>>> print(open('target_23.txt').read())   # compact mmCIF, C-alpha atoms
# COMPACT_ATOMS: atom_id res chain seq x y z
CA MET A 1 62.59 78.90 -118.59
CA ALA A 2 65.21 76.22 -118.01
CA LYS A 3 68.75 77.03 -119.05
CA LYS A 4 69.98 75.25 -122.15
CA ASP A 5 72.52 72.50 -121.49
CA PRO A 6 75.92 73.51 -122.98
CA THR A 7 76.21 70.06 -124.57
CA ASP A 8 72.93 70.65 -126.44
CA LEU A 9 74.23 73.75 -128.22
CA SER A 10 74.98 73.51 -131.92
CA VAL A 11 78.55 73.88 -133.12
CA GLU A 12 77.65 77.32 -134.49
CA GLU A 13 76.29 78.45 -131.10
CA LYS A 14 79.33 77.04 -129.30
CA LEU A 15 81.74 78.87 -131.60
CA LYS A 16 79.79 82.11 -131.38
CA THR A 17 79.70 81.98 -127.56
CA LEU A 18 83.38 81.06 -127.45
CA TYR A 19 84.27 84.04 -129.63
CA GLN A 20 82.21 86.33 -127.37
CA LEU A 21 84.17 84.96 -124.41
CA GLN A 22 87.44 85.61 -126.24
CA THR A 23 86.38 89.20 -126.96
CA THR A 24 85.50 89.73 -123.28
CA LEU A 25 88.77 88.22 -122.04
CA SER A 26 90.74 90.32 -124.55
CA ALA A 27 88.98 93.42 -123.20
CA ILE A 28 90.06 92.40 -119.67
CA ASP A 29 93.62 91.98 -120.96
CA ASP A 30 93.44 95.48 -122.45
CA GLU A 31 92.31 96.91 -119.11
CA ARG A 32 95.20 95.17 -117.37
CA ALA A 33 97.60 96.32 -120.08
CA LEU A 34 96.94 99.90 -118.95
CA ARG A 35 98.90 99.06 -115.81
CA GLY A 36 101.93 98.36 -117.99
CA GLU A 37 104.95 97.03 -116.14
CA LEU A 38 103.83 98.53 -112.81
CA PRO A 39 102.66 95.24 -111.22
CA LEU A 40 106.00 93.59 -112.09
CA GLU A 41 107.94 96.61 -110.86
CA VAL A 42 105.99 96.58 -107.57
CA GLN A 43 106.63 92.85 -107.18
CA ASP A 44 110.35 93.27 -107.91
CA LEU A 45 110.64 96.07 -105.34
CA GLU A 46 108.78 94.03 -102.73
CA ASP A 47 111.07 91.06 -103.36
CA GLU A 48 114.15 93.28 -103.18
CA ILE A 49 113.01 94.88 -99.91
CA GLU A 50 112.30 91.44 -98.48
CA GLY A 51 115.80 90.30 -99.46
CA LEU A 52 117.38 93.44 -97.97
CA THR A 53 115.37 93.00 -94.75
CA THR A 54 116.66 89.44 -94.46
CA ARG A 55 120.17 90.80 -95.02
CA VAL A 56 119.70 93.37 -92.24
CA GLU A 57 118.61 90.63 -89.85
CA LYS A 58 121.68 88.59 -90.81
CA ILE A 59 124.00 91.58 -90.28
CA LYS A 60 122.44 92.30 -86.88
CA ALA A 61 122.85 88.66 -85.90
CA ASP A 62 126.53 88.78 -86.95
CA ILE A 63 127.06 91.97 -84.93
CA ALA A 64 125.45 90.33 -81.89
CA ASP A 65 127.76 87.28 -82.33
CA PHE A 66 130.86 89.48 -82.52
CA GLN A 67 129.75 91.49 -79.48
CA ASN A 68 129.16 88.27 -77.54
CA ALA A 69 132.60 87.07 -78.58
CA VAL A 70 134.12 90.36 -77.30
CA SER A 71 132.32 89.96 -73.98
CA GLN A 72 133.52 86.37 -73.73
CA LYS A 73 137.12 87.35 -74.47
CA LYS A 74 136.96 90.14 -71.92
CA ALA A 75 135.79 87.62 -69.33
CA GLU A 76 138.67 85.32 -70.30
CA ILE A 77 141.08 88.26 -69.91
CA ASN A 78 139.77 88.96 -66.42
CA GLU A 79 140.24 85.30 -65.48
CA ALA A 80 143.74 85.24 -66.97
CA GLN A 81 144.71 88.44 -65.13
CA ALA A 82 143.40 87.00 -61.88
CA SER A 83 145.46 83.86 -62.51
CA VAL A 84 148.57 85.95 -63.21
CA GLU A 85 148.12 87.84 -59.95
CA ARG A 86 147.61 84.59 -58.07
CA TYR A 87 150.70 82.97 -59.61
CA LYS A 88 152.80 86.06 -58.85
CA MET A 89 151.77 85.83 -55.19
CA GLN A 90 152.67 82.14 -55.18
CA LEU A 91 156.15 82.97 -56.45
CA ASN A 92 156.92 84.40 -53.03
CA ASP A 93 156.27 81.02 -51.43
CA VAL A 94 158.17 78.72 -53.81
CA LYS A 95 160.46 76.14 -52.22
CA ASN A 96 162.55 75.13 -55.22
CA ASN A 97 163.45 76.05 -58.76
CA ARG A 98 161.05 73.53 -60.22
CA GLU A 99 158.04 75.25 -58.63
CA TYR A 100 159.42 78.63 -59.69
CA ASP A 101 159.74 77.51 -63.36
CA THR A 102 156.25 76.02 -63.34
CA LEU A 103 154.70 79.21 -61.99
CA SER A 104 156.74 81.34 -64.42
CA LYS A 105 155.48 79.28 -67.35
CA GLU A 106 151.91 79.62 -66.13
CA ILE A 107 152.30 83.39 -65.84
CA GLU A 108 153.82 83.51 -69.36
CA PHE A 109 151.01 81.33 -70.73
CA GLN A 110 148.28 83.47 -69.14
CA THR A 111 149.99 86.63 -70.44
CA LEU A 112 149.97 85.18 -73.96
CA GLU A 113 146.30 84.27 -73.52
CA ILE A 114 145.56 87.89 -72.56
CA GLU A 115 147.40 89.15 -75.65
CA LEU A 116 145.56 86.66 -77.85
CA CYS A 117 142.20 87.68 -76.36
CA ASN A 118 143.00 91.35 -76.94
CA LYS A 119 143.87 90.55 -80.55
CA LYS A 120 140.57 88.69 -80.99
CA ILE A 121 138.73 91.62 -79.42
CA ARG A 122 140.36 94.09 -81.83
CA GLU A 123 139.46 91.88 -84.80
CA ALA A 124 135.89 91.51 -83.54
CA ASN A 125 135.54 95.25 -83.01
CA THR A 126 136.81 95.85 -86.57
CA LYS A 127 134.23 93.38 -87.86
CA VAL A 128 131.52 95.11 -85.83
CA GLU A 129 132.48 98.47 -87.37
CA GLU A 130 132.36 96.94 -90.87
CA LYS A 131 129.02 95.31 -90.15
CA ASN A 132 127.60 98.55 -88.76
CA ALA A 133 128.67 100.41 -91.92
CA ASP A 134 127.13 97.64 -94.04
CA LEU A 135 123.99 97.81 -91.90
CA LYS A 136 123.71 101.56 -92.39
CA ARG A 137 124.09 101.24 -96.18
CA THR A 138 121.52 98.45 -96.34
CA GLU A 139 119.00 100.37 -94.22
CA GLU A 140 119.45 103.45 -96.43
CA LEU A 141 118.90 101.24 -99.49
CA ILE A 142 115.74 99.82 -97.90
CA ASN A 143 114.43 103.33 -97.26
CA ASP A 144 115.18 104.30 -100.86
CA ARG A 145 113.45 101.18 -102.22
CA GLN A 146 110.51 101.68 -99.87
CA MET A 147 109.98 105.20 -101.17
CA ALA A 148 110.07 103.91 -104.75
CA LEU A 149 107.64 101.12 -103.81
CA ASP A 150 105.19 103.54 -102.19
CA GLU A 151 105.30 105.72 -105.31
CA LYS A 152 104.75 102.75 -107.65
CA LYS A 153 101.93 101.38 -105.48
CA SER A 154 100.21 104.76 -105.41
CA GLU A 155 100.43 104.98 -109.20
CA LEU A 156 99.17 101.41 -109.60
CA ASP A 157 96.28 101.94 -107.18
CA GLU A 158 95.26 105.06 -109.09
CA ILE A 159 95.14 103.14 -112.38
CA MET A 160 93.32 100.21 -110.78
CA ASP A 161 90.70 102.53 -109.31
CA GLU A 162 90.01 103.84 -112.80
CA THR A 163 89.72 100.37 -114.38
CA ARG A 164 88.35 98.29 -111.49
CA ALA A 165 84.65 98.86 -112.25
CA GLU A 166 84.98 98.02 -115.95
CA GLU A 167 87.16 95.02 -115.21
CA GLU A 168 84.67 93.64 -112.68
CA ARG A 169 81.86 94.06 -115.22
CA LEU A 170 83.85 92.19 -117.84
CA LYS A 171 84.71 89.42 -115.37
CA GLU A 172 81.01 88.91 -114.58
CA LYS A 173 80.23 88.76 -118.29
CA ALA A 174 83.00 86.22 -118.81
CA LYS A 175 81.60 84.02 -116.02
CA GLU A 176 78.15 84.10 -117.60
CA LEU A 177 79.59 83.08 -120.97
CA GLU A 178 81.72 80.29 -119.47
CA ILE A 179 78.59 78.67 -118.02
CA LYS A 180 77.15 78.41 -121.53
CA ILE A 181 80.22 76.60 -122.92
CA GLU A 182 80.79 72.86 -122.71
CA PRO A 183 83.43 72.20 -119.98
CA ARG A 184 85.67 70.11 -122.23
CA LEU A 185 85.68 72.78 -124.95
CA LEU A 186 86.20 75.53 -122.36
CA THR A 187 89.19 73.69 -120.88
CA SER A 188 90.73 73.28 -124.34
CA PHE A 189 90.12 76.95 -125.13
CA LYS A 190 91.77 78.10 -121.89
CA ARG A 191 94.78 75.86 -122.53
CA ILE A 192 95.18 77.24 -126.07
CA ARG A 193 94.77 80.81 -124.82
CA ARG A 194 97.31 80.26 -122.03
CA ASN A 195 99.92 79.00 -124.50
CA ALA A 196 99.23 81.71 -127.09
CA ARG A 197 101.52 84.72 -126.97
CA ASN A 198 98.75 87.24 -127.65
CA GLY A 199 96.13 85.47 -125.51
CA LEU A 200 93.93 84.54 -128.49
CA GLY A 201 92.38 81.08 -128.25
CA ILE A 202 89.90 81.52 -131.10
CA VAL A 203 90.42 83.60 -134.25
CA TYR A 204 88.60 84.24 -137.50
CA VAL A 205 89.93 83.72 -141.00
CA GLN A 206 91.62 86.82 -142.42
CA ARG A 207 92.52 87.01 -146.10
CA ASP A 208 92.51 83.21 -146.49
CA ALA A 209 94.86 82.85 -143.49
CA CYS A 210 94.67 82.06 -139.77
CA GLY A 211 94.03 85.22 -137.76
CA GLY A 212 96.49 84.03 -135.11
CA CYS A 213 99.60 82.82 -136.93
CA PHE A 214 98.71 84.15 -140.43
CA ASN A 215 99.52 80.88 -142.19
CA LYS A 216 97.51 80.19 -145.33
CA ILE A 217 94.42 77.97 -144.99
CA PRO A 218 93.52 75.63 -147.87
CA PRO A 219 90.20 76.44 -149.64
CA GLN A 220 88.60 73.15 -148.60
CA ARG A 221 89.41 73.83 -144.95
CA GLN A 222 87.97 77.33 -145.26
CA LEU A 223 84.79 75.77 -146.61
CA ASP A 224 84.66 73.41 -143.61
CA ILE A 225 85.03 76.42 -141.29
CA ARG A 226 82.13 78.23 -142.99
CA MET A 227 79.94 75.13 -142.70
CA HIS A 228 80.02 75.27 -138.84
CA LYS A 229 79.67 71.49 -138.65
CA LYS A 230 82.60 70.89 -136.31
CA VAL A 231 85.22 72.71 -134.28
CA ILE A 232 88.29 73.20 -136.45
CA VAL A 233 91.71 74.24 -135.21
CA CYS A 234 94.66 75.70 -137.09
CA GLU A 235 97.13 72.97 -138.01
CA TYR A 236 100.02 75.37 -137.40
CA CYS A 237 99.24 77.19 -134.12
CA GLY A 238 96.37 75.08 -132.71
CA ARG A 239 93.95 78.00 -132.32
CA ILE A 240 90.23 77.42 -132.87
CA MET A 241 89.06 79.05 -136.10
CA ILE A 242 85.72 80.54 -137.18
CA ASP A 243 84.61 82.44 -140.24
CA PRO A 244 84.38 86.26 -140.06
CA GLU A 245 80.59 86.34 -140.49
CA LEU A 246 80.04 84.24 -137.38
CA ALA A 247 82.45 86.51 -135.51
CA GLY A 248 80.41 89.50 -136.62
CA VAL A 249 83.27 90.93 -138.65
CA LYS A 250 82.52 92.51 -141.98
CA THR A 251 85.08 91.73 -144.63
CA GLU A 252 85.59 93.78 -147.74
CA LYS A 253 85.32 91.73 -150.88
CA PRO A 254 88.15 92.38 -153.33
CA VAL A 255 87.07 94.59 -156.20
CA GLU A 256 87.48 92.79 -159.49
CA GLU A 257 89.01 94.94 -162.20
CA LYS A 258 87.02 94.97 -165.41
CA PRO A 259 89.06 93.79 -168.38
CA LYS A 260 89.96 96.60 -170.75
CA ARG A 261 88.01 96.55 -173.99
CA LYS A 262 90.16 95.91 -177.01
CA ARG A 263 89.62 98.01 -180.09
CA ALA A 264 88.00 95.94 -182.78
CA ILE A 265 90.10 95.54 -185.87
CA ARG A 266 88.04 95.15 -189.01
CA LYS A 267 89.34 92.66 -191.44
CA ARG A 268 89.86 93.97 -194.93
CA THR A 269 88.10 92.38 -197.86
CA LYS A 270 89.95 90.79 -200.74
CA LYS A 271 88.98 93.73 -202.93
CA GLU A 272 90.51 96.18 -200.41
CA ASP A 273 93.68 94.09 -200.33
CA ASP A 274 93.91 94.19 -204.11
CA ASP A 275 93.35 97.96 -204.12
CA PHE A 276 96.08 98.39 -201.49
CA ASP A 277 98.66 96.47 -203.50
CA VAL A 278 100.73 98.94 -205.51
CA PRO A 279 102.65 97.69 -208.58
CA GLU A 280 106.42 97.78 -208.13
CA GLU A 281 106.93 99.87 -211.31
CA LYS A 282 104.92 102.72 -209.74
CA LEU A 283 107.15 102.72 -206.69
CA SER A 284 110.33 102.99 -208.77
>>> encode(input="target_23.txt", output="structure tokens")
Amino acid sequence: MAKKDPTDLSVEEKLKTLYQLQTTLSAIDDERALRGELPLEVQDLEDEIEGLTTRVEKIKADIADFQNAVSQKKAEINEAQASVERYKMQLNDVKNNREYDTLSKEIEFQTLEIELCNKKIREANTKVEEKNADLKRTEELINDRQMALDEKKSELDEIMDETRAEEERLKEKAKELEIKIEPRLLTSFKRIRRNARNGLGIVYVQRDACGGCFNKIPPQRQLDIRMHKKVIVCEYCGRIMIDPELAGVKTEKPVEEKPKRKRAIRKRTKKEDDDFDVPEEKLS
């Protein structure tokens, strides 16, 4: 038997199928709700660990730069010391005061360079110590966050194992229902559902009000909903609306209170009125 084209379905069939899809998707949401905030907590921990790992790499790169700077300064010190020794030897062969002053200035300059390099080395070593301490703290923090992540993942996996089978079954059912729904209507339903806070894209009328936003629905509009002649949306929240009967929901009709019977008061006849009248002289 050939499958019925979604566009050939009546409005009543479309609404009924759409409500079945909503019920299935809500059941999937309920299954996912069992996980609580765990997925978000796992994601936050993973992001934090990734950020801390990047920080560790940056710290290690800074340490390597400082260590390279120390090595470079040490090399410069060796060159300066060699120059000082060479200039001191040349002092023995000077021929005039001018050469002596020039060599003395060079020795003084190289000595200052050595002192400056030693200062830079001390500063770099201090920075390396600070970076190593920061690196140790960050690595300890990563280990702590990794332990928390492993614990959260284990808890999440345990919950997912319990709900995976039911969720997969519901997903298959949802796919089967989506095939039966007109694409344009399905797209509109998904958009409404995505924007709705509680994930409801189609609701039934409850106590003369929208089942999504609970705003009152005029009687004429309720009649249009019960007629199933067209798809009607709530003018306040935009959700698609159906009547409870089509949704398979039994509603209790309000019990009408019977009016209390009034005690009949018999009118008196003229004769009774005359008999009731007492002359004033008898009252005195």
>>> residues_around(input="target_23.txt", residues="segment 183-198 of chain A", least_positions_apart="2", cutoff="8 Å", atoms="all atoms listed in the file", output="PyMOL selection string")
chain A and resi 178+181+200-202+238-240
>>> write_last_selection(input="target_23.txt", atoms="C-alpha atoms", output="JSON list (two decimals), in the frame of the given file")
[["chain", "number", "residue", "atom", "x", "y", "z"],
["A", 178, "GLU", "CA", 81.72, 80.29, -119.47],
["A", 181, "ILE", "CA", 80.22, 76.60, -122.92],
["A", 200, "LEU", "CA", 93.93, 84.54, -128.49],
["A", 201, "GLY", "CA", 92.38, 81.08, -128.25],
["A", 202, "ILE", "CA", 89.90, 81.52, -131.10],
["A", 238, "GLY", "CA", 96.37, 75.08, -132.71],
["A", 239, "ARG", "CA", 93.95, 78.00, -132.32],
["A", 240, "ILE", "CA", 90.23, 77.42, -132.87]]
>>> closest_atom_pairs(input="target_23.txt", of="segment 28-109 of chain A", to="segment 159-169 of chain A", cutoff="8 Å", atoms="all atoms listed in the file", output="CSV")
residue,atom,partner,partner_atom,distance
A:Ile28,CA,A:Glu167,CA,5.9
A:Glu31,CA,A:Thr163,CA,6.4
A:Leu34,CA,A:Ile159,CA,7.5
A:Arg35,CA,A:Ile159,CA,6.5
>>> closest_residue(input="target_23.txt", among="A:Leu177, A:Tyr87, A:Leu149, A:Val70", to="Thr102 of chain A", atoms="all atoms listed in the file")
A:Tyr87
>>> closest_residue(input="target_23.txt", among="A:Cys213, A:Leu15, A:Ala133, A:Ala148", to="Gly248 of chain A", atoms="only C-alpha atoms")
A:Leu15
>>> closest_residue(input="target_23.txt", among="A:Ala69, A:Leu156, A:Leu91, A:Val203", to="Glu37 of chain A", atoms="all atoms listed in the file")
A:Leu156
>>> atom_distance(input="target_23.txt", atom1="atom CA of Glu172 of chain A", atom2="atom CA of Glu13 of chain A")
20.1 Å
>>> closest_residue(input="target_23.txt", among="A:Glu76, A:Glu41, A:Glu158, A:Glu85", to="Ile121 of chain A", atoms="all atoms listed in the file")
A:Glu76
>>> residues_near_point(input="target_23.txt", point="(107.8, 98.8, -104.3)", cutoff="10 Å", atoms="all atoms listed in the file", output="list in words")
Leu38, Pro39, Leu40, Glu41, Val42, Gln43, Asp44, Leu45, Glu46, Asp47, Glu48, Ile49, Asp144, Arg145, Gln146, Met147, Ala148, Leu149, Asp150, Glu151, Lys152, Lys153 and Ser154 of chain A
>>> write_last_selection(input="target_23.txt", atoms="C-alpha atoms", output="PDB file, in the coordinates of the input")
ATOM      1  CA  LEU A  38     103.830  98.530-112.810  1.00  0.00           C
ATOM      2  CA  PRO A  39     102.660  95.240-111.220  1.00  0.00           C
ATOM      3  CA  LEU A  40     106.000  93.590-112.090  1.00  0.00           C
ATOM      4  CA  GLU A  41     107.940  96.610-110.860  1.00  0.00           C
ATOM      5  CA  VAL A  42     105.990  96.580-107.570  1.00  0.00           C
ATOM      6  CA  GLN A  43     106.630  92.850-107.180  1.00  0.00           C
ATOM      7  CA  ASP A  44     110.350  93.270-107.910  1.00  0.00           C
ATOM      8  CA  LEU A  45     110.640  96.070-105.340  1.00  0.00           C
ATOM      9  CA  GLU A  46     108.780  94.030-102.730  1.00  0.00           C
ATOM     10  CA  ASP A  47     111.070  91.060-103.360  1.00  0.00           C
ATOM     11  CA  GLU A  48     114.150  93.280-103.180  1.00  0.00           C
ATOM     12  CA  ILE A  49     113.010  94.880 -99.910  1.00  0.00           C
ATOM     13  CA  ASP A 144     115.180 104.300-100.860  1.00  0.00           C
ATOM     14  CA  ARG A 145     113.450 101.180-102.220  1.00  0.00           C
ATOM     15  CA  GLN A 146     110.510 101.680 -99.870  1.00  0.00           C
ATOM     16  CA  MET A 147     109.980 105.200-101.170  1.00  0.00           C
ATOM     17  CA  ALA A 148     110.070 103.910-104.750  1.00  0.00           C
ATOM     18  CA  LEU A 149     107.640 101.120-103.810  1.00  0.00           C
ATOM     19  CA  ASP A 150     105.190 103.540-102.190  1.00  0.00           C
ATOM     20  CA  GLU A 151     105.300 105.720-105.310  1.00  0.00           C
ATOM     21  CA  LYS A 152     104.750 102.750-107.650  1.00  0.00           C
ATOM     22  CA  LYS A 153     101.930 101.380-105.480  1.00  0.00           C
ATOM     23  CA  SER A 154     100.210 104.760-105.410  1.00  0.00           C
TER      24      SER A 154
END
>>> residues_around(input="target_23.txt", residues="segment 224-231 of chain A", least_positions_apart="5", cutoff="10 Å", atoms="all atoms listed in the file", output="list in words")
Ser10, Val11, Glu12, Glu13, Lys14, Leu15, Leu185, Tyr204, Val205, Pro219, Ile240, Met241, Ile242, Asp243, Pro244, Glu245 and Leu246 of chain A
>>> atom_distance(input="target_23.txt", atom1="atom CA of Ala80 of chain A", atom2="atom CA of Arg122 of chain A")
17.6 Å
>>> closest_residue(input="target_23.txt", among="A:Leu18, A:Arg32, A:Asp62, A:Val233", to="Gly211 of chain A", atoms="all atoms listed in the file")
A:Val233
